[in-house]
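This is coords_12.tsv. It holds TSV, C-alpha atoms.
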chain	number	residue	atom	x	y	z
D	1	MET	CA	36.30	44.95	118.08
D	2	LYS	CA	38.41	42.59	115.96
D	3	ILE	CA	42.06	42.68	116.99
D	4	CYS	CA	44.93	41.14	115.02
D	5	ILE	CA	48.01	40.07	117.00
D	6	LEU	CA	51.32	39.45	115.20
D	7	THR	CA	53.84	37.25	116.99
D	8	PRO	CA	57.38	36.21	116.01
D	9	ARG	CA	57.04	32.90	117.86
D	10	PHE	CA	54.00	30.67	118.13
D	11	PRO	CA	52.59	31.47	121.58
D	12	LEU	CA	52.21	27.86	122.74
D	13	PRO	CA	53.62	26.21	124.73
D	14	GLU	CA	54.30	29.13	127.05
D	15	CYS	CA	58.04	28.51	127.36
D	16	GLY	CA	59.15	32.08	128.03
D	17	GLY	CA	58.04	35.31	129.66
D	18	ASP	CA	57.35	36.94	126.28
D	19	LEU	CA	54.89	34.20	125.28
D	20	LEU	CA	53.27	34.22	128.70
D	21	ARG	CA	52.73	37.97	128.42
D	22	ILE	CA	51.22	38.00	124.93
D	23	ASN	CA	48.81	35.23	125.86
D	24	TYR	CA	47.70	37.09	128.97
D	25	ILE	CA	47.20	40.20	126.86
D	26	ALA	CA	45.05	38.04	124.57
D	27	ARG	CA	43.12	36.65	127.55
D	28	TYR	CA	42.48	40.15	128.82
D	29	LEU	CA	41.28	41.36	125.39
D	30	LYS	CA	39.06	38.29	125.10
D	31	SER	CA	37.55	39.01	128.52
D	32	GLN	CA	36.59	42.46	127.23
D	33	GLY	CA	34.57	40.88	124.42
D	34	HIS	CA	37.02	41.39	121.56
D	35	GLN	CA	37.55	38.93	118.71
D	36	LEU	CA	41.17	37.86	118.23
D	37	VAL	CA	43.07	36.97	115.07
D	38	LEU	CA	46.56	35.52	115.50
D	39	VAL	CA	49.19	35.75	112.74
D	40	SER	CA	52.34	33.94	113.81
D	41	TYR	CA	55.53	32.26	112.71
D	42	VAL	CA	55.96	28.57	113.51
D	43	GLU	CA	59.13	26.48	113.55
D	44	GLU	CA	57.85	23.06	114.49
D	45	THR	CA	54.41	21.42	114.42
D	46	PRO	CA	52.26	23.97	116.28
D	47	ASP	CA	49.39	23.07	118.57
D	48	ILE	CA	46.76	24.93	116.56
D	49	GLU	CA	43.93	23.33	118.52
D	50	ALA	CA	45.25	24.72	121.80
D	51	ALA	CA	45.75	28.16	120.26
D	52	GLU	CA	42.18	28.18	118.96
D	53	GLU	CA	40.91	27.90	122.54
D	54	LEU	CA	42.11	31.49	122.99
D	55	TYR	CA	42.38	33.00	119.49
D	56	ASP	CA	39.29	33.02	117.26
D	57	LYS	CA	41.34	32.57	114.09
D	58	VAL	CA	44.91	31.38	113.71
D	59	TYR	CA	47.13	31.99	110.67
D	60	THR	CA	50.68	30.65	110.54
D	61	VAL	CA	53.79	30.72	108.36
D	62	LYS	CA	56.77	28.42	108.78
D	63	ARG	CA	60.08	30.15	109.41
D	64	SER	CA	62.51	29.92	106.50
D	65	LYS	CA	66.22	29.68	107.31
D	66	ILE	CA	67.10	31.15	103.93
D	67	ALA	CA	64.83	34.16	104.49
D	68	THR	CA	66.21	34.55	108.01
D	69	LEU	CA	69.79	34.75	106.76
D	70	PHE	CA	69.02	36.93	103.74
D	71	TYR	CA	66.95	39.53	105.57
D	72	SER	CA	69.23	39.61	108.62
D	73	ILE	CA	72.10	40.63	106.35
D	74	LEU	CA	69.92	43.04	104.35
D	75	TYR	CA	68.64	44.77	107.46
D	76	ILE	CA	72.05	45.27	109.03
D	77	LEU	CA	73.39	46.65	105.73
D	78	THR	CA	70.51	49.14	105.63
D	79	GLY	CA	70.92	50.21	109.26
D	80	ARG	CA	67.91	48.42	110.67
D	81	PRO	CA	67.82	46.01	113.64
D	82	ILE	CA	69.07	42.52	112.92
D	83	GLN	CA	66.15	41.01	114.81
D	84	CYS	CA	63.65	42.71	112.50
D	85	GLY	CA	65.40	41.11	109.53
D	86	TYR	CA	65.69	37.80	111.34
D	87	TYR	CA	61.91	37.70	111.66
D	88	TYR	CA	61.06	39.09	108.23
D	89	SER	CA	59.92	37.07	105.23
D	90	SER	CA	57.93	37.77	102.08
D	91	ALA	CA	55.73	34.75	102.91
D	92	PHE	CA	54.69	36.25	106.25
D	93	ASN	CA	54.19	39.64	104.63
D	94	LYS	CA	51.90	38.15	101.96
D	95	LEU	CA	49.89	36.26	104.56
D	96	PHE	CA	49.52	39.35	106.72
D	97	GLN	CA	48.40	41.47	103.75
D	98	ARG	CA	45.77	38.81	103.01
D	99	VAL	CA	44.58	38.84	106.62
D	100	VAL	CA	44.32	42.63	106.53
D	101	LYS	CA	42.13	42.41	103.44
D	102	THR	CA	39.91	39.47	104.36
D	103	GLU	CA	39.54	39.95	108.13
D	104	SER	CA	39.53	43.79	108.20
D	105	PRO	CA	40.73	44.06	111.83
D	106	ASP	CA	39.95	47.23	113.76
D	107	LEU	CA	43.22	47.16	115.69
D	108	TYR	CA	46.66	45.55	115.35
D	109	VAL	CA	49.12	44.54	118.06
D	110	SER	CA	52.77	43.96	117.16
D	111	HIS	CA	54.31	41.60	119.68
D	112	LEU	CA	57.77	43.14	120.11
D	113	LEU	CA	59.55	45.53	117.77
D	114	ARG	CA	60.52	42.76	115.38
D	115	MET	CA	57.02	42.57	113.88
D	116	VAL	CA	56.71	46.31	113.22
D	117	PRO	CA	58.03	46.13	109.61
D	118	PHE	CA	54.85	44.30	108.58
D	119	LEU	CA	52.72	47.13	109.97
D	120	GLU	CA	54.94	49.62	108.17
D	121	ASN	CA	54.48	47.83	104.85
D	122	ALA	CA	50.70	47.90	105.28
D	123	LYS	CA	50.73	51.55	106.48
D	124	LEU	CA	48.76	50.66	109.61
D	125	GLN	CA	50.58	52.92	112.06
D	126	GLU	CA	47.49	54.77	113.30
D	127	LYS	CA	45.60	51.55	114.04
D	128	SER	CA	48.43	49.75	115.81
D	129	ILE	CA	49.79	49.13	119.29
D	130	VAL	CA	53.46	48.18	119.57
D	131	GLU	CA	54.03	45.79	122.46
D	132	MET	CA	57.65	46.81	122.99
D	133	THR	CA	57.67	45.24	126.49
D	134	ASP	CA	61.28	46.17	127.36
D	135	ALA	CA	63.70	48.91	126.36
D	136	LEU	CA	66.07	46.57	124.54
D	137	SER	CA	68.65	49.29	123.98
D	138	LYS	CA	69.01	49.48	127.76
D	139	THR	CA	69.54	45.71	128.04
D	140	TYR	CA	72.06	45.59	125.20
D	141	ALA	CA	74.02	48.52	126.60
D	142	LEU	CA	74.53	46.53	129.82
D	143	ALA	CA	75.71	43.40	128.01
D	144	ASN	CA	79.44	44.21	127.84
D	145	GLY	CA	81.34	41.36	129.45
D	146	ALA	CA	78.26	39.16	129.83
D	147	LYS	CA	78.74	35.42	130.24
D	148	GLY	CA	76.94	33.03	127.90
D	149	ASN	CA	76.57	32.45	124.17
D	150	THR	CA	79.51	34.13	122.38
D	151	LEU	CA	77.60	34.79	119.15
D	152	LEU	CA	74.74	36.33	121.08
D	153	ARG	CA	77.13	38.66	122.89
D	154	PHE	CA	78.58	39.76	119.56
D	155	ILE	CA	75.12	40.39	118.11
D	156	TYR	CA	74.12	42.45	121.16
D	157	GLN	CA	77.10	44.75	120.61
D	158	ILE	CA	76.10	45.40	116.99
D	159	GLU	CA	72.39	45.53	117.72
D	160	LYS	CA	72.44	48.03	120.58
D	161	HIS	CA	72.92	51.04	118.29
D	162	LEU	CA	70.47	49.81	115.65
D	163	ILE	CA	67.76	49.01	118.17
D	164	ALA	CA	68.14	52.37	119.95
D	165	LYS	CA	67.55	54.17	116.66
D	166	TYR	CA	64.57	51.94	115.84
D	167	GLU	CA	62.99	52.41	119.26
D	168	ASN	CA	63.03	56.17	118.70
D	169	PHE	CA	61.55	55.72	115.22
D	170	VAL	CA	58.67	53.60	116.54
D	171	ILE	CA	57.90	55.91	119.47
D	172	LYS	CA	57.56	58.85	117.07
D	173	ARG	CA	55.28	57.00	114.62
D	174	TYR	CA	52.92	54.83	116.67
D	175	PRO	CA	50.04	56.01	118.86
D	176	LYS	CA	50.66	53.51	121.64
D	177	VAL	CA	53.95	51.86	122.59
D	178	VAL	CA	53.68	49.62	125.64
D	179	LEU	CA	56.40	48.92	128.20
D	180	VAL	CA	56.26	46.87	131.38
D	181	SER	CA	58.25	49.13	133.72
D	182	GLN	CA	58.26	52.82	134.49
D	183	SER	CA	62.05	52.78	134.66
D	184	ASP	CA	62.17	51.75	130.99
D	185	ILE	CA	59.75	54.53	130.06
D	186	ASP	CA	61.96	57.01	131.91
D	187	PHE	CA	65.03	55.64	130.13
D	188	LEU	CA	63.50	56.03	126.66
D	189	SER	CA	62.06	59.44	127.51
D	190	SER	CA	65.51	60.69	128.49
D	191	LYS	CA	66.89	59.57	125.12
D	192	LEU	CA	64.21	61.61	123.36
D	193	ASN	CA	64.70	64.69	125.55
D	194	GLY	CA	61.05	64.55	126.52
D	195	LYS	CA	59.81	64.82	122.91
D	196	HIS	CA	57.36	62.44	121.20
D	197	ILE	CA	56.82	60.51	124.44
D	198	GLU	CA	53.05	60.80	124.62
D	199	SER	CA	52.71	57.38	123.01
D	200	LEU	CA	54.62	55.59	125.80
D	201	GLU	CA	52.31	53.66	128.13
D	202	PHE	CA	52.91	51.51	131.16
D	203	HIS	CA	51.22	48.11	131.47
D	204	ALA	CA	53.25	45.95	133.85
D	205	ASN	CA	53.32	42.19	133.88
D	206	GLY	CA	50.98	40.33	136.17
D	207	VAL	CA	51.07	36.86	137.59
D	208	GLU	CA	48.66	33.97	137.94
D	209	TYR	CA	48.80	32.88	141.55
D	210	LEU	CA	47.47	29.55	142.78
D	211	SER	CA	44.70	29.44	145.36
D	212	GLU	CA	46.81	27.03	147.42
D	213	ILE	CA	50.56	26.94	147.86
D	214	SER	CA	52.87	24.09	148.73
D	215	ASN	CA	53.91	23.65	152.34
D	216	ASN	CA	56.17	20.77	151.38
D	217	ILE	CA	59.39	22.77	151.18
D	218	ASP	CA	62.72	21.23	150.18
D	219	THR	CA	65.16	23.14	152.37
D	220	LYS	CA	68.03	22.11	150.10
D	221	LYS	CA	66.55	23.43	146.83
D	222	ILE	CA	67.42	26.80	145.26
D	223	CYS	CA	65.91	27.64	141.88
D	224	PHE	CA	66.51	30.07	139.04
D	225	ILE	CA	63.68	30.60	136.55
D	226	GLY	CA	64.16	31.96	133.03
D	227	HIS	CA	64.01	31.32	129.32
D	228	MET	CA	67.57	30.27	128.69
D	229	GLN	CA	67.90	31.56	125.12
D	230	SER	CA	68.29	35.08	126.48
D	231	LEU	CA	71.78	36.34	127.21
D	232	GLN	CA	70.68	38.01	130.45
D	233	ASN	CA	69.44	34.69	131.87
D	234	GLN	CA	72.53	32.84	130.70
D	235	ASP	CA	74.73	35.46	132.32
D	236	ALA	CA	72.76	35.36	135.59
D	237	ALA	CA	72.85	31.56	135.86
D	238	ILE	CA	76.59	31.35	135.10
D	239	HIS	CA	77.29	34.21	137.51
D	240	PHE	CA	75.43	32.44	140.32
D	241	VAL	CA	77.14	29.09	139.67
D	242	ASN	CA	80.64	30.60	139.45
D	243	ASP	CA	80.56	33.43	141.96
D	244	ILE	CA	77.74	32.99	144.50
D	245	PHE	CA	76.83	29.32	144.84
D	246	PRO	CA	80.36	28.31	146.01
D	247	LEU	CA	79.99	30.79	148.90
D	248	ILE	CA	76.73	29.12	149.89
D	249	LEU	CA	78.17	25.61	149.54
D	250	ALA	CA	81.04	26.55	151.85
D	251	LYS	CA	78.50	26.77	154.69
D	252	LYS	CA	75.72	24.58	153.30
D	253	PRO	CA	77.44	21.83	151.28
D	254	ASP	CA	74.26	19.82	150.65
D	255	MET	CA	72.40	22.56	148.74
D	256	LYS	CA	71.14	21.95	145.20
D	257	PHE	CA	70.68	24.57	142.47
D	258	TYR	CA	68.11	24.11	139.69
D	259	ILE	CA	68.22	26.16	136.47
D	260	VAL	CA	64.65	25.97	135.18
D	261	GLY	CA	63.85	27.23	131.69
D	262	ALA	CA	63.48	26.28	128.04
D	263	HIS	CA	66.22	26.06	125.40
D	264	PRO	CA	69.40	26.08	127.50
D	265	PRO	CA	72.49	26.43	125.24
D	266	LYS	CA	75.68	24.41	125.64
D	267	SER	CA	77.16	27.04	127.96
D	268	ILE	CA	74.30	26.35	130.40
D	269	LEU	CA	73.95	22.59	129.84
D	270	LYS	CA	77.57	22.05	130.80
D	271	LEU	CA	76.88	23.56	134.24
D	272	ASP	CA	74.81	20.47	135.11
D	273	ASN	CA	77.10	18.23	137.17
D	274	GLY	CA	74.45	15.73	138.26
D	275	LYS	CA	75.39	16.37	141.88
D	276	ASN	CA	74.31	19.80	143.09
D	277	ILE	CA	73.62	21.74	139.88
D	278	PHE	CA	70.79	20.66	137.59
D	279	VAL	CA	69.62	22.12	134.26
D	280	THR	CA	66.01	21.07	133.63
D	281	GLY	CA	65.19	22.64	130.27
D	282	PHE	CA	61.48	23.22	129.62
D	283	VAL	CA	59.11	21.88	132.28
D	284	ASP	CA	55.43	21.23	131.58
D	285	ASP	CA	54.21	22.81	134.83
D	286	LEU	CA	56.53	25.55	136.06
D	287	ASN	CA	54.55	26.30	139.22
D	288	LYS	CA	54.48	22.65	140.22
D	289	PHE	CA	58.20	22.18	139.59
D	290	VAL	CA	59.41	25.19	141.58
D	291	ALA	CA	56.74	25.22	144.31
D	292	ASP	CA	58.84	23.27	146.82
D	293	SER	CA	61.92	25.50	146.40
D	294	CYS	CA	63.34	27.03	149.55
D	295	ILE	CA	64.72	30.08	147.74
D	296	ALA	CA	64.48	31.63	144.26
D	297	VAL	CA	67.49	33.62	143.12
D	298	ALA	CA	67.62	36.33	140.46
D	299	PRO	CA	71.24	37.57	140.27
D	300	VAL	CA	70.46	39.39	137.04
D	301	GLN	CA	73.06	41.93	135.91
D	302	ILE	CA	71.67	42.66	132.42
D	303	ALA	CA	68.00	43.51	132.19
D	304	ALA	CA	65.20	45.84	131.29
D	305	GLY	CA	61.56	45.61	132.21
D	306	ILE	CA	59.90	43.61	134.94
D	307	GLN	CA	61.13	40.07	135.52
D	308	ASN	CA	58.49	37.34	135.48
D	309	LYS	CA	60.89	35.09	137.39
D	310	VAL	CA	60.44	37.30	140.45
D	311	LEU	CA	56.65	37.47	140.23
D	312	VAL	CA	56.30	33.71	139.63
D	313	ALA	CA	58.48	32.90	142.63
D	314	MET	CA	56.63	35.28	144.93
D	315	ALA	CA	53.27	33.99	143.72
D	316	ASN	CA	54.41	30.53	144.78
D	317	ALA	CA	55.48	31.91	148.18
D	318	ILE	CA	59.15	31.30	147.46
D	319	PRO	CA	61.47	33.84	149.15
D	320	VAL	CA	63.41	35.80	146.52
D	321	VAL	CA	66.95	37.18	146.57
D	322	LEU	CA	67.52	39.56	143.65
D	323	THR	CA	69.73	42.38	142.39
D	324	PRO	CA	68.86	46.10	142.67
D	325	LEU	CA	68.82	46.34	138.86
D	326	ILE	CA	65.66	44.28	138.52
D	327	ALA	CA	64.17	45.28	141.88
D	328	LYS	CA	63.74	48.83	140.54
D	329	ALA	CA	61.10	47.64	138.09
D	330	ILE	CA	58.86	46.43	140.94
D	331	PRO	CA	58.37	49.42	143.25
D	332	GLU	CA	56.47	47.35	145.83
D	333	LEU	CA	59.63	45.39	146.66
D	334	HIS	CA	61.26	46.38	149.95
D	335	ASP	CA	64.52	44.90	151.15
D	336	GLU	CA	64.16	42.58	154.15
D	337	GLU	CA	60.39	43.06	154.17
D	338	ASN	CA	59.17	40.98	151.22
D	339	CYS	CA	62.48	40.04	149.58
D	340	PHE	CA	66.24	40.47	149.84
D	341	ILE	CA	67.88	42.97	147.47
D	342	ARG	CA	71.61	42.41	147.25
D	343	ASP	CA	74.29	43.50	144.79
D	344	ASP	CA	77.68	42.00	145.69
D	345	ASN	CA	78.40	38.27	145.70
D	346	GLN	CA	79.06	37.83	149.40
D	347	SER	CA	75.98	39.71	150.61
D	348	PHE	CA	73.86	37.85	148.05
D	349	ALA	CA	75.15	34.53	149.38
D	350	ASP	CA	74.71	35.69	153.00
D	351	ALA	CA	71.05	36.55	152.33
D	352	CYS	CA	70.50	33.05	150.94
D	353	ILE	CA	72.21	31.49	153.96
D	354	SER	CA	70.08	33.57	156.36
D	355	LEU	CA	66.94	32.25	154.70
D	356	LEU	CA	68.25	28.68	154.83
D	357	GLU	CA	69.08	28.92	158.53
D	358	ASN	CA	66.09	30.90	159.79
D	359	ALA	CA	62.68	29.25	159.36
D	360	ASP	CA	60.86	32.27	160.83
D	361	LEU	CA	62.53	34.59	158.32
D	362	ARG	CA	61.57	32.25	155.46
D	363	SER	CA	57.99	32.18	156.69
D	364	LYS	CA	57.83	35.98	156.81
D	365	MET	CA	59.24	36.32	153.28
D	366	ARG	CA	56.90	33.64	151.96
D	367	THR	CA	53.86	35.43	153.37
D	368	GLN	CA	54.85	38.99	152.49
D	369	GLY	CA	56.09	38.14	149.00
D	370	ARG	CA	52.91	36.33	148.04
D	371	LEU	CA	50.76	39.08	149.55
D	372	THR	CA	52.62	41.65	147.43
D	373	VAL	CA	51.77	39.99	144.12
D	374	ILE	CA	48.18	39.22	145.13
D	375	GLU	CA	47.57	42.86	146.05
D	376	HIS	CA	49.45	44.52	143.19
D	377	TYR	CA	50.06	42.19	140.25
D	378	SER	CA	46.87	40.70	138.89
D	379	TRP	CA	46.93	40.58	135.08
D	380	GLN	CA	43.46	42.10	134.88
D	381	SER	CA	44.46	45.23	136.78
D	382	LYS	CA	47.77	45.67	134.96
D	383	LEU	CA	46.24	45.40	131.49
D	384	GLU	CA	43.15	47.53	132.03
D	385	GLY	CA	42.60	49.79	129.01
D	386	TYR	CA	45.32	48.07	126.99
D	387	GLU	CA	43.40	48.24	123.71
D	388	ARG	CA	42.76	51.99	123.85
D	389	LEU	CA	44.87	54.12	121.52
D	390	THR	CA	46.10	57.44	122.86
D	391	ARG	CA	46.15	59.62	119.77
Represent the structure of the file as structure tokens.
Amino acid sequence: MKICILTPRFPLPECGGDLLRINYIARYLKSQGHQLVLVSYVEETPDIEAAEELYDKVYTVKRSKIATLFYSILYILTGRPIQCGYYYSSAFNKLFQRVVKTESPDLYVSHLLRMVPFLENAKLQEKSIVEMTDALSKTYALANGAKGNTLLRFIYQIEKHLIAKYENFVIKRYPKVVLVSQSDIDFLSSKLNGKHIESLEFHANGVEYLSEISNNIDTKKICFIGHMQSLQNQDAAIHFVNDIFPLILAKKPDMKFYIVGAHPPKSILKLDNGKNIFVTGFVDDLNKFVADSCIAVAPVQIAAGIQNKVLVAMANAIPVVLTPLIAKAIPELHDEENCFIRDDNQSFADACISLLENADLRSKMRTQGRLTVIEHYSWQSKLEGYERLTR
């Protein structure tokens, strides 16, 4: 089968969980013998050669700032999500129409809701999978009072109503809409009163775990992993620095906190004090950079879906302290068995301190956390049957 994948961002380098996921979906489809056609926006000079190692054919269009502004305004004025307008352009639409005609794909995959308008224009609903990934309306609804980029917070407040309406529209029209957590499926189902939900399907994220893990642990290193353009990651990092890390430093003054992730905005960059808080930006080898961490923290207060940051840390045998909000998306997580699940600032800090002071506890969490992802979160098992339409 020939499958066409539409992406709003060029999928290499893999500098965020969304790009990691779409590439693993592509790897899974490739392993099943399918031919892949990529149609993607680019903003800088893309590594086409690297992409062609995975995708059989690669078509690209450069993002236009003028089109971005024009269609963002047009979409909000017509009651459609800003992000769909932000990623719309006549140039991409023309290219996609040409690909539809010349390549004649059997199936189409829209990476995130923002690429759906191109499928709508081509009337390809019955041959398309919408990789929704997360219930964005759930994330945006939680964003009141979030810390981070001010403009992004403002956009979230406008977007939450538009995206909720569009999610319902897509669920009603497309034969397969994929989400990465059952809690998000339940959330969207409740909004639809149980109607039109037969298209919702659950394919969780997986993780690539290394055959060997590092035993060279830096007992002074705490890490946070996340693509820093997202408001939820900005909020979590700022929350940890302001409200939790000082409680840890009061007992462990030599600890160091690393914020690891691409595209940190000014609000995150200014956290770097060169002493005990470091903002790395994009790192070439994420696993290698975080492997010696003593603890990974995920104090996320705004989220939907399953968090790659948790799976990556556990795959590297790094003990994780996380909030109940994101723990719900990974049902195999059990407090004080393979992780620590904590909600308030003091108990979150206390869990970190317990791990820092107790080598046996760290060893248990390292072993149990890694075993959890090995047993339950291989990409191959989570994506099985992805390409099958349900109606």
Q: Considering only C-alpha atoms, return as a PyMOL selection string whatever protein or nucleic-acid residues lie within 8 Å of Pro324 in chain D, sequence-local ones (same chain, fewer than 4 positions apart) excluded.
A: chain D and resi 328+341-343
For the selection you just gave me, I'd like the residues written to a file as a PDB file, in the coordinates of the input, keeping C-alpha atoms.
ATOM      1  CA  LYS D 328      63.740  48.830 140.540  1.00  0.00           C
ATOM      2  CA  ILE D 341      67.880  42.970 147.470  1.00  0.00           C
ATOM      3  CA  ARG D 342      71.610  42.410 147.250  1.00  0.00           C
ATOM      4  CA  ASP D 343      74.290  43.500 144.790  1.00  0.00           C
TER       5      ASP D 343
END
Can you list, as a PDB file with C-alpha atoms, in the frame of the given file, every protein, DNA or RNA residue that comes within 10 Å of Gln229 in chain D when you count all atoms listed in the file, leaving out same-chain residues fewer than 5 positions away?
ATOM      1  CA  GLY D  16      59.150  32.080 128.030  1.00  0.00           C
ATOM      2  CA  GLY D 148      76.940  33.030 127.900  1.00  0.00           C
ATOM      3  CA  ASN D 149      76.570  32.450 124.170  1.00  0.00           C
ATOM      4  CA  LEU D 152      74.740  36.330 121.080  1.00  0.00           C
ATOM      5  CA  GLN D 234      72.530  32.840 130.700  1.00  0.00           C
ATOM      6  CA  GLY D 261      63.850  27.230 131.690  1.00  0.00           C
ATOM      7  CA  ALA D 262      63.480  26.280 128.040  1.00  0.00           C
ATOM      8  CA  HIS D 263      66.220  26.060 125.400  1.00  0.00           C
ATOM      9  CA  PRO D 264      69.400  26.080 127.500  1.00  0.00           C
ATOM     10  CA  PRO D 265      72.490  26.430 125.240  1.00  0.00           C
ATOM     11  CA  ILE D 268      74.300  26.350 130.400  1.00  0.00           C
TER      12      ILE D 268
END
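A straight line drawn from CA of Ala164 in chain D to CA of Ser183 in chain D is 15.9 Å long.
The shell of residues at most 7 Å from range 56-70 of chain D, with only C-alpha atoms counted and near chain neighbours (fewer than 4 positions) removed, consists of Gln35, Leu36, Val37, Leu38, Val39, Ser40, Tyr41, Val42, Glu43, Glu52, Leu74, Gly85, Tyr86, Tyr87, Tyr88, Ser89 and Phe92 of chain D.
Here the question is which of D:Phe202, D:Phe154, D:Tyr71, D:Trp379 gets nearest to Asp134 in chain D using only C-alpha atoms, and that residue is D:Phe202.
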Q | Polymer residues at most 7 Å from range 361-374 of chain D, only C-alpha atoms, same-chain spacing of 2 or more positions, as a ChimeraX atom specification | A | /D:311,314-319,337-339,355,358-359,376-378
File dump, residues just selected, C-alpha atoms, as a CSV table (one decimal), in the coordinates of the input:
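Below is the file again-v4.csv, written as the result:
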chain,number,residue,atom,x,y,z
D,311,LEU,CA,56.6,37.5,140.2
D,314,MET,CA,56.6,35.3,144.9
D,315,ALA,CA,53.3,34.0,143.7
D,316,ASN,CA,54.4,30.5,144.8
D,317,ALA,CA,55.5,31.9,148.2
D,318,ILE,CA,59.2,31.3,147.5
D,319,PRO,CA,61.5,33.8,149.2
D,337,GLU,CA,60.4,43.1,154.2
D,338,ASN,CA,59.2,41.0,151.2
D,339,CYS,CA,62.5,40.0,149.6
D,355,LEU,CA,66.9,32.2,154.7
D,358,ASN,CA,66.1,30.9,159.8
D,359,ALA,CA,62.7,29.2,159.4
D,376,HIS,CA,49.4,44.5,143.2
D,377,TYR,CA,50.1,42.2,140.2
D,378,SER,CA,46.9,40.7,138.9
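CA of Asp360 in chain D to CA of Val241 in chain D spans 26.9 Å [interatomic distance, one decimal].
Proximity ranking of D:Ser230, D:Ser267, D:Thr139, D:Asn205 relative to Gln157 in chain D places D:Thr139 first, based on all atoms listed in the file.
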Q) What gap, in Å, lies between CA of Ala250 in chain D and CA of Lys309 in chain D? A) 26.2 Å
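Distances here use all atoms listed in the file; by that measure, the residue among D:Ile5, D:Ile217, D:Leu124, D:Leu333 closest to Leu112 in chain D is D:Ile5.
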Could the centre and edge lengths of an axis-aligned box, enclosing all atoms of range 209-216 of chain D in the file with 4 Å extra on each side, be given in Å to one decimal as AutoDock Vina command-line options?
--center_x 50.4 --center_y 26.8 --center_z 146.9 --size_x 19.5 --size_y 20.1 --size_z 18.8
Q | Selection: 12 Å around Lys147 in chain D, only C-alpha atoms, excl. self and same-chain fewer than 6 positions, as a PyMOL selection string | A | chain D and resi 153-154+230-242+267-268+300-302
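Of the listed residues (D:Lys172, D:Arg9, D:Lys382, D:Arg98), D:Lys382 comes nearest to His203 in chain D; the distances count all atoms listed in the file.
Of the listed residues D:Val260, D:Ile213, D:Met228, D:Leu6, the one whose atoms come nearest to Asn23 in chain D is D:Leu6, with distances taken using all atoms listed in the file.
When all atoms listed in the file are used to compute distances to His196 in chain D, the closest of the residues D:Thr219, D:Asn168, D:Gln182, D:Ser214 turns out to be D:Asn168.
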Coordinates of range 99-123 of chain D, C-alpha atoms, as a PDB file, in the first residue's frame:
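The result, stored in decode.pdb:
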ATOM      1  CA  VAL D  99       0.890  14.474  -5.182  1.00  0.00           C
ATOM      2  CA  VAL D 100      -2.646  13.090  -4.970  1.00  0.00           C
ATOM      3  CA  LYS D 101      -2.853  13.039  -8.760  1.00  0.00           C
ATOM      4  CA  THR D 102       0.617  11.748  -9.634  1.00  0.00           C
ATOM      5  CA  GLU D 103       1.285   9.349  -6.740  1.00  0.00           C
ATOM      6  CA  SER D 104      -2.296   8.064  -6.258  1.00  0.00           C
ATOM      7  CA  PRO D 105      -1.791   7.038  -2.598  1.00  0.00           C
ATOM      8  CA  ASP D 106      -4.076   4.396  -1.122  1.00  0.00           C
ATOM      9  CA  LEU D 107      -4.139   6.005   2.313  1.00  0.00           C
ATOM     10  CA  TYR D 108      -3.416   9.415   3.844  1.00  0.00           C
ATOM     11  CA  VAL D 109      -2.214  10.289   7.335  1.00  0.00           C
ATOM     12  CA  SER D 110      -2.653  13.829   8.656  1.00  0.00           C
ATOM     13  CA  HIS D 111      -0.049  14.502  11.308  1.00  0.00           C
ATOM     14  CA  LEU D 112      -2.079  16.517  13.824  1.00  0.00           C
ATOM     15  CA  LEU D 113      -5.329  18.369  13.242  1.00  0.00           C
ATOM     16  CA  ARG D 114      -3.583  21.273  11.547  1.00  0.00           C
ATOM     17  CA  MET D 115      -3.120  19.339   8.291  1.00  0.00           C
ATOM     18  CA  VAL D 116      -6.752  18.228   8.004  1.00  0.00           C
ATOM     19  CA  PRO D 117      -7.852  21.208   5.828  1.00  0.00           C
ATOM     20  CA  PHE D 118      -5.767  19.817   2.957  1.00  0.00           C
ATOM     21  CA  LEU D 119      -7.615  16.496   3.177  1.00  0.00           C
ATOM     22  CA  GLU D 120     -10.904  18.381   3.279  1.00  0.00           C
ATOM     23  CA  ASN D 121     -10.044  20.322   0.124  1.00  0.00           C
ATOM     24  CA  ALA D 122      -9.229  17.088  -1.696  1.00  0.00           C
ATOM     25  CA  LYS D 123     -12.325  15.301  -0.297  1.00  0.00           C
TER      26      LYS D 123
END
